[in-house]
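Have a look at run07.cif below; it lists mmCIF, N, CA and C atoms.
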```
data_start
#
loop_
_atom_site.group_PDB
_atom_site.id
_atom_site.type_symbol
_atom_site.label_atom_id
_atom_site.label_comp_id
_atom_site.auth_asym_id
_atom_site.auth_seq_id
_atom_site.Cartn_x
_atom_site.Cartn_y
_atom_site.Cartn_z
ATOM 1 N N MET A 1 92.218 100.434 112.899
ATOM 2 C CA MET A 1 91.942 100.577 111.497
ATOM 3 C C MET A 1 90.706 101.459 111.282
ATOM 4 N N THR A 2 89.709 101.252 112.087
ATOM 5 C CA THR A 2 88.488 102.057 111.975
ATOM 6 C C THR A 2 88.788 103.523 112.244
ATOM 7 N N TYR A 3 89.613 103.774 113.268
ATOM 8 C CA TYR A 3 89.996 105.148 113.609
ATOM 9 C C TYR A 3 90.713 105.813 112.432
ATOM 10 N N LEU A 4 91.703 105.125 111.844
ATOM 11 C CA LEU A 4 92.440 105.687 110.718
ATOM 12 C C LEU A 4 91.538 105.926 109.513
ATOM 13 N N LYS A 5 90.637 104.993 109.250
ATOM 14 C CA LYS A 5 89.711 105.152 108.123
ATOM 15 C C LYS A 5 88.833 106.383 108.329
ATOM 16 N N GLU A 6 88.368 106.592 109.552
ATOM 17 C CA GLU A 6 87.524 107.747 109.848
ATOM 18 C C GLU A 6 88.308 109.048 109.672
ATOM 19 N N ILE A 7 89.527 109.102 110.202
ATOM 20 C CA ILE A 7 90.349 110.310 110.094
ATOM 21 C C ILE A 7 90.661 110.622 108.629
ATOM 22 N N LEU A 8 91.101 109.616 107.872
ATOM 23 C CA LEU A 8 91.450 109.843 106.471
ATOM 24 C C LEU A 8 90.225 110.199 105.635
ATOM 25 N N SER A 9 89.097 109.605 105.930
ATOM 26 C CA SER A 9 87.876 109.918 105.190
ATOM 27 C C SER A 9 87.453 111.364 105.412
ATOM 28 N N ASN A 10 87.624 111.855 106.627
ATOM 29 C CA ASN A 10 87.270 113.237 106.944
ATOM 30 C C ASN A 10 88.240 114.235 106.319
ATOM 31 N N MET A 11 89.438 113.797 105.980
ATOM 32 C CA MET A 11 90.425 114.683 105.364
ATOM 33 C C MET A 11 90.168 114.865 103.874
ATOM 34 N N GLY A 12 89.301 114.079 103.313
ATOM 35 C CA GLY A 12 89.020 114.185 101.891
ATOM 36 C C GLY A 12 90.096 113.556 101.029
ATOM 37 N N SER A 13 90.853 112.635 101.591
ATOM 38 C CA SER A 13 91.907 111.950 100.848
ATOM 39 C C SER A 13 91.282 110.989 99.847
ATOM 40 N N SER A 14 91.580 111.199 98.583
ATOM 41 C CA SER A 14 91.010 110.367 97.527
ATOM 42 C C SER A 14 91.608 108.968 97.543
ATOM 43 N N VAL A 15 90.835 108.007 97.084
ATOM 44 C CA VAL A 15 91.324 106.648 96.902
ATOM 45 C C VAL A 15 91.654 106.498 95.421
ATOM 46 N N VAL A 16 92.909 106.130 95.133
ATOM 47 C CA VAL A 16 93.395 106.021 93.755
ATOM 48 C C VAL A 16 94.191 104.726 93.602
ATOM 49 N N LEU A 17 94.538 104.390 92.370
ATOM 50 C CA LEU A 17 95.387 103.240 92.122
ATOM 51 C C LEU A 17 96.807 103.584 92.551
ATOM 52 N N CYS A 18 97.354 102.814 93.490
ATOM 53 C CA CYS A 18 98.698 103.057 94.026
ATOM 54 C C CYS A 18 99.617 101.895 93.683
ATOM 55 N N HIS A 19 100.894 102.162 93.654
ATOM 56 C CA HIS A 19 101.904 101.143 93.398
ATOM 57 C C HIS A 19 102.030 100.229 94.619
ATOM 58 N N ASN A 20 101.956 100.788 95.821
ATOM 59 C CA ASN A 20 102.064 100.077 97.100
ATOM 60 C C ASN A 20 103.424 99.430 97.314
ATOM 61 N N GLY A 21 104.433 99.936 96.685
ATOM 62 C CA GLY A 21 105.802 99.462 96.871
ATOM 63 C C GLY A 21 106.752 100.373 96.127
ATOM 64 N N LEU A 22 106.461 101.661 96.157
ATOM 65 C CA LEU A 22 107.207 102.628 95.360
ATOM 66 C C LEU A 22 108.475 103.055 96.095
ATOM 67 N N PHE A 23 109.552 102.337 95.849
ATOM 68 C CA PHE A 23 110.848 102.633 96.446
ATOM 69 C C PHE A 23 111.838 102.930 95.324
ATOM 70 N N CYS A 24 113.010 103.406 95.674
ATOM 71 C CA CYS A 24 114.013 103.788 94.662
ATOM 72 C C CYS A 24 114.286 102.669 93.670
ATOM 73 N N THR A 25 114.317 101.451 94.125
ATOM 74 C CA THR A 25 114.641 100.329 93.240
ATOM 75 C C THR A 25 113.514 99.998 92.274
ATOM 76 N N ASN A 26 112.339 100.558 92.482
ATOM 77 C CA ASN A 26 111.198 100.273 91.617
ATOM 78 C C ASN A 26 110.892 101.407 90.641
ATOM 79 N N ALA A 27 111.754 102.414 90.588
ATOM 80 C CA ALA A 27 111.577 103.530 89.664
ATOM 81 C C ALA A 27 112.813 103.636 88.780
ATOM 82 N N ILE A 28 112.605 103.675 87.473
ATOM 83 C CA ILE A 28 113.707 103.760 86.520
ATOM 84 C C ILE A 28 113.562 105.069 85.752
ATOM 85 N N SER A 29 114.596 105.911 85.839
ATOM 86 C CA SER A 29 114.586 107.210 85.180
ATOM 87 C C SER A 29 115.338 107.147 83.857
ATOM 88 N N ASN A 30 114.736 107.708 82.816
ATOM 89 C CA ASN A 30 115.374 107.815 81.508
ATOM 90 C C ASN A 30 115.505 109.302 81.203
ATOM 91 N N GLU A 31 116.674 109.857 81.472
ATOM 92 C CA GLU A 31 116.870 111.298 81.314
ATOM 93 C C GLU A 31 116.766 111.753 79.864
ATOM 94 N N LYS A 32 117.160 110.914 78.915
ATOM 95 C CA LYS A 32 117.090 111.291 77.494
ATOM 96 C C LYS A 32 115.660 111.529 77.051
ATOM 97 N N GLN A 33 114.730 110.749 77.569
ATOM 98 C CA GLN A 33 113.320 110.876 77.186
ATOM 99 C C GLN A 33 112.500 111.635 78.235
ATOM 100 N N SER A 34 113.160 112.096 79.293
ATOM 101 C CA SER A 34 112.461 112.748 80.412
ATOM 102 C C SER A 34 111.299 111.880 80.874
ATOM 103 N N ASP A 35 111.615 110.624 81.160
ATOM 104 C CA ASP A 35 110.600 109.618 81.453
ATOM 105 C C ASP A 35 110.971 108.852 82.715
ATOM 106 N N ILE A 36 109.979 108.448 83.462
ATOM 107 C CA ILE A 36 110.169 107.569 84.614
ATOM 108 C C ILE A 36 109.227 106.387 84.438
ATOM 109 N N GLN A 37 109.774 105.184 84.591
ATOM 110 C CA GLN A 37 108.963 103.969 84.506
ATOM 111 C C GLN A 37 109.026 103.249 85.843
ATOM 112 N N PHE A 38 107.944 102.565 86.170
ATOM 113 C CA PHE A 38 107.862 101.848 87.430
ATOM 114 C C PHE A 38 107.782 100.349 87.162
ATOM 115 N N ASN A 39 108.503 99.571 87.959
ATOM 116 C CA ASN A 39 108.440 98.117 87.831
ATOM 117 C C ASN A 39 107.960 97.505 89.138
ATOM 118 N N ASP A 40 107.866 96.187 89.173
ATOM 119 C CA ASP A 40 107.457 95.463 90.377
ATOM 120 C C ASP A 40 106.063 95.909 90.833
ATOM 121 N N CYS A 41 105.099 95.820 89.938
ATOM 122 C CA CYS A 41 103.754 96.366 90.182
ATOM 123 C C CYS A 41 102.734 95.332 90.661
ATOM 124 N N GLU A 42 103.194 94.149 91.081
ATOM 125 C CA GLU A 42 102.221 93.116 91.449
ATOM 126 C C GLU A 42 101.419 93.436 92.708
ATOM 127 N N HIS A 43 101.855 94.422 93.499
ATOM 128 C CA HIS A 43 101.114 94.798 94.702
ATOM 129 C C HIS A 43 100.228 96.027 94.482
ATOM 130 N N SER A 44 100.114 96.477 93.249
ATOM 131 C CA SER A 44 99.289 97.657 92.949
ATOM 132 C C SER A 44 97.833 97.384 93.307
ATOM 133 N N ARG A 45 97.263 98.299 94.043
ATOM 134 C CA ARG A 45 95.872 98.211 94.476
ATOM 135 C C ARG A 45 95.363 99.637 94.726
ATOM 136 N N TYR A 46 94.098 99.767 94.977
ATOM 137 C CA TYR A 46 93.546 101.053 95.362
ATOM 138 C C TYR A 46 93.919 101.349 96.806
ATOM 139 N N ASN A 47 94.321 102.593 97.048
ATOM 140 C CA ASN A 47 94.737 103.024 98.371
ATOM 141 C C ASN A 47 94.579 104.544 98.439
ATOM 142 N N TYR A 48 94.814 105.112 99.618
ATOM 143 C CA TYR A 48 94.715 106.556 99.764
ATOM 144 C C TYR A 48 95.805 107.258 98.961
ATOM 145 N N LEU A 49 95.514 108.424 98.441
ATOM 146 C CA LEU A 49 96.348 109.172 97.519
ATOM 147 C C LEU A 49 97.799 109.312 97.987
ATOM 148 N N ALA A 50 98.034 109.612 99.231
ATOM 149 C CA ALA A 50 99.390 109.870 99.719
ATOM 150 C C ALA A 50 100.124 108.608 100.177
ATOM 151 N N HIS A 51 99.544 107.439 100.032
ATOM 152 C CA HIS A 51 100.152 106.214 100.545
ATOM 153 C C HIS A 51 101.546 105.958 99.985
ATOM 154 N N ASP A 52 101.726 106.044 98.677
ATOM 155 C CA ASP A 52 103.028 105.762 98.081
ATOM 156 C C ASP A 52 104.089 106.761 98.535
ATOM 157 N N ILE A 53 103.715 108.024 98.661
ATOM 158 C CA ILE A 53 104.668 109.039 99.116
ATOM 159 C C ILE A 53 105.070 108.765 100.561
ATOM 160 N N ARG A 54 104.098 108.462 101.402
ATOM 161 C CA ARG A 54 104.379 108.159 102.812
ATOM 162 C C ARG A 54 105.293 106.954 102.929
ATOM 163 N N SER A 55 104.999 105.899 102.216
ATOM 164 C CA SER A 55 105.796 104.682 102.284
ATOM 165 C C SER A 55 107.222 104.920 101.810
ATOM 166 N N HIS A 56 107.363 105.689 100.749
ATOM 167 C CA HIS A 56 108.685 105.983 100.197
ATOM 168 C C HIS A 56 109.562 106.697 101.224
ATOM 169 N N PHE A 57 109.034 107.733 101.856
ATOM 170 C CA PHE A 57 109.829 108.489 102.812
ATOM 171 C C PHE A 57 110.004 107.762 104.139
ATOM 172 N N ASN A 58 109.071 106.915 104.534
ATOM 173 C CA ASN A 58 109.250 106.120 105.752
ATOM 174 C C ASN A 58 110.464 105.211 105.643
ATOM 175 N N LYS A 59 110.736 104.692 104.456
ATOM 176 C CA LYS A 59 111.913 103.848 104.246
ATOM 177 C C LYS A 59 113.200 104.596 104.588
ATOM 178 N N PHE A 60 113.260 105.888 104.248
ATOM 179 C CA PHE A 60 114.466 106.675 104.467
ATOM 180 C C PHE A 60 114.697 107.040 105.926
ATOM 181 N N VAL A 61 113.667 107.023 106.751
ATOM 182 C CA VAL A 61 113.852 107.353 108.170
ATOM 183 C C VAL A 61 113.913 106.101 109.042
ATOM 184 N N GLY A 62 113.890 104.933 108.425
ATOM 185 C CA GLY A 62 114.088 103.693 109.164
ATOM 186 C C GLY A 62 112.844 102.989 109.640
ATOM 187 N N VAL A 63 111.671 103.393 109.171
ATOM 188 C CA VAL A 63 110.441 102.712 109.553
ATOM 189 C C VAL A 63 110.335 101.457 108.699
ATOM 190 N N LEU A 64 110.309 100.300 109.333
ATOM 191 C CA LEU A 64 110.325 99.038 108.592
ATOM 192 C C LEU A 64 108.949 98.616 108.115
ATOM 193 N N TYR A 65 107.921 98.896 108.889
ATOM 194 C CA TYR A 65 106.571 98.493 108.504
ATOM 195 C C TYR A 65 105.926 99.613 107.712
ATOM 196 N N VAL A 66 105.694 99.382 106.430
ATOM 197 C CA VAL A 66 105.053 100.406 105.599
ATOM 198 C C VAL A 66 103.875 99.784 104.954
#
```

Full structure transcribed into structure tokens:
Amino acid sequence: MTYLKEILSNMGSSVVLCHNGLFCTNAISNEKQSDIQFNDCEHSRYNYLAHDIRSHFNKFVGVLYV
């Protein structure tokens, strides 16, 4: 954990409010309003900027631990 924190800190990755569970089932698209809404937000916390994107794509390649 210390190693990852050091590497990410040196990359300049911002810490932002993340969904921490952003998968297809948690995003609802409304094409008429050009809107996307997110549900299931009880795990939202501050995390590194790319965390939600990484977790989303890890699901598609079969990585179970995200």

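For the structure shown here, the set of residues caught by the PyMOL selection byres ((chain A and resi 51-56) around 7) is Cys18, His19, Asn20, Gly21, Leu22, Phe23, Cys24, Asn47, Tyr48, Leu49, Ala50, Phe57, Asn58, Lys59, Phe60, Val61 and Val66 of chain A.
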
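Atom C of A:Lys5 to atom CA of A:His43 spans 21.7 Å [interatomic distance, one decimal].
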
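Taking atom N of A:Ser14 as the reference point, atom CA of A:Ser34 is found at 27.7 Å.
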
DSSP on the backbone, strand (DSSP E) only: what residues of chain A does that give? Format it as a PyMOL selection string. chain A and resi 15-18+27-30+35-38+45-48

Put those residues in a file: N, CA and C atoms, as a short mmCIF file (atom, residue, chain, number, x, y, z; two decimals), keeping the file's coordinate frame.
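Final output, saved to part-v3.cif:
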```cif
data_model
loop_
_atom_site.label_atom_id
_atom_site.label_comp_id
_atom_site.auth_asym_id
_atom_site.auth_seq_id
_atom_site.Cartn_x
_atom_site.Cartn_y
_atom_site.Cartn_z
N VAL A 15 90.84 108.01 97.08
CA VAL A 15 91.32 106.65 96.90
C VAL A 15 91.65 106.50 95.42
N VAL A 16 92.91 106.13 95.13
CA VAL A 16 93.40 106.02 93.76
C VAL A 16 94.19 104.73 93.60
N LEU A 17 94.54 104.39 92.37
CA LEU A 17 95.39 103.24 92.12
C LEU A 17 96.81 103.58 92.55
N CYS A 18 97.35 102.81 93.49
CA CYS A 18 98.70 103.06 94.03
C CYS A 18 99.62 101.90 93.68
N ALA A 27 111.75 102.41 90.59
CA ALA A 27 111.58 103.53 89.66
C ALA A 27 112.81 103.64 88.78
N ILE A 28 112.60 103.68 87.47
CA ILE A 28 113.71 103.76 86.52
C ILE A 28 113.56 105.07 85.75
N SER A 29 114.60 105.91 85.84
CA SER A 29 114.59 107.21 85.18
C SER A 29 115.34 107.15 83.86
N ASN A 30 114.74 107.71 82.82
CA ASN A 30 115.37 107.82 81.51
C ASN A 30 115.50 109.30 81.20
N ASP A 35 111.62 110.62 81.16
CA ASP A 35 110.60 109.62 81.45
C ASP A 35 110.97 108.85 82.72
N ILE A 36 109.98 108.45 83.46
CA ILE A 36 110.17 107.57 84.61
C ILE A 36 109.23 106.39 84.44
N GLN A 37 109.77 105.18 84.59
CA GLN A 37 108.96 103.97 84.51
C GLN A 37 109.03 103.25 85.84
N PHE A 38 107.94 102.56 86.17
CA PHE A 38 107.86 101.85 87.43
C PHE A 38 107.78 100.35 87.16
N ARG A 45 97.26 98.30 94.04
CA ARG A 45 95.87 98.21 94.48
C ARG A 45 95.36 99.64 94.73
N TYR A 46 94.10 99.77 94.98
CA TYR A 46 93.55 101.05 95.36
C TYR A 46 93.92 101.35 96.81
N ASN A 47 94.32 102.59 97.05
CA ASN A 47 94.74 103.02 98.37
C ASN A 47 94.58 104.54 98.44
N TYR A 48 94.81 105.11 99.62
CA TYR A 48 94.72 106.56 99.76
C TYR A 48 95.80 107.26 98.96
#
```

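Of note, atom CA of A:Cys41 and atom C of A:Val15 are spaced 16.6 Å apart.
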
Atom completion result for stretch 31-52 of chain A (N, CA, C and O atoms) as a short mmCIF file (atom, residue, chain, number, x, y, z; two decimals), in the frame of the given file:
```cif
data_model
loop_
_atom_site.label_atom_id
_atom_site.label_comp_id
_atom_site.auth_asym_id
_atom_site.auth_seq_id
_atom_site.Cartn_x
_atom_site.Cartn_y
_atom_site.Cartn_z
N GLU A 31 116.67 109.86 81.47
CA GLU A 31 116.87 111.30 81.31
C GLU A 31 116.77 111.75 79.86
O GLU A 31 116.33 112.87 79.59
N LYS A 32 117.16 110.91 78.92
CA LYS A 32 117.09 111.29 77.49
C LYS A 32 115.66 111.53 77.05
O LYS A 32 115.38 112.40 76.24
N GLN A 33 114.73 110.75 77.57
CA GLN A 33 113.32 110.88 77.19
C GLN A 33 112.50 111.64 78.24
O GLN A 33 111.29 111.77 78.10
N SER A 34 113.16 112.10 79.29
CA SER A 34 112.46 112.75 80.41
C SER A 34 111.30 111.88 80.87
O SER A 34 110.16 112.31 80.97
N ASP A 35 111.62 110.62 81.16
CA ASP A 35 110.60 109.62 81.45
C ASP A 35 110.97 108.85 82.72
O ASP A 35 112.14 108.65 83.01
N ILE A 36 109.98 108.45 83.46
CA ILE A 36 110.17 107.57 84.61
C ILE A 36 109.23 106.39 84.44
O ILE A 36 108.04 106.56 84.15
N GLN A 37 109.77 105.18 84.59
CA GLN A 37 108.96 103.97 84.51
C GLN A 37 109.03 103.25 85.84
O GLN A 37 110.03 103.31 86.55
N PHE A 38 107.94 102.56 86.17
CA PHE A 38 107.86 101.85 87.43
C PHE A 38 107.78 100.35 87.16
O PHE A 38 107.09 99.91 86.25
N ASN A 39 108.50 99.57 87.96
CA ASN A 39 108.44 98.12 87.83
C ASN A 39 107.96 97.50 89.14
O ASN A 39 107.69 98.21 90.10
N ASP A 40 107.87 96.19 89.17
CA ASP A 40 107.46 95.46 90.38
C ASP A 40 106.06 95.91 90.83
O ASP A 40 105.86 96.30 91.97
N CYS A 41 105.10 95.82 89.94
CA CYS A 41 103.75 96.37 90.18
C CYS A 41 102.73 95.33 90.66
O CYS A 41 101.54 95.61 90.67
N GLU A 42 103.19 94.15 91.08
CA GLU A 42 102.22 93.12 91.45
C GLU A 42 101.42 93.44 92.71
O GLU A 42 100.40 92.82 92.97
N HIS A 43 101.86 94.42 93.50
CA HIS A 43 101.11 94.80 94.70
C HIS A 43 100.23 96.03 94.48
O HIS A 43 99.66 96.56 95.43
N SER A 44 100.11 96.48 93.25
CA SER A 44 99.29 97.66 92.95
C SER A 44 97.83 97.38 93.31
O SER A 44 97.27 96.36 92.93
N ARG A 45 97.26 98.30 94.04
CA ARG A 45 95.87 98.21 94.48
C ARG A 45 95.36 99.64 94.73
O ARG A 45 96.12 100.57 94.75
N TYR A 46 94.10 99.77 94.98
CA TYR A 46 93.55 101.05 95.36
C TYR A 46 93.92 101.35 96.81
O TYR A 46 93.88 100.47 97.67
N ASN A 47 94.32 102.59 97.05
CA ASN A 47 94.74 103.02 98.37
C ASN A 47 94.58 104.54 98.44
O ASN A 47 94.27 105.18 97.45
N TYR A 48 94.81 105.11 99.62
CA TYR A 48 94.72 106.56 99.76
C TYR A 48 95.80 107.26 98.96
O TYR A 48 96.91 106.76 98.82
N LEU A 49 95.51 108.42 98.44
CA LEU A 49 96.35 109.17 97.52
C LEU A 49 97.80 109.31 97.99
O LEU A 49 98.72 109.13 97.21
N ALA A 50 98.03 109.61 99.23
CA ALA A 50 99.39 109.87 99.72
C ALA A 50 100.12 108.61 100.18
O ALA A 50 101.25 108.69 100.65
N HIS A 51 99.54 107.44 100.03
CA HIS A 51 100.15 106.21 100.54
C HIS A 51 101.55 105.96 99.98
O HIS A 51 102.48 105.68 100.74
N ASP A 52 101.73 106.04 98.68
CA ASP A 52 103.03 105.76 98.08
C ASP A 52 104.09 106.76 98.54
O ASP A 52 105.23 106.39 98.79
#
```
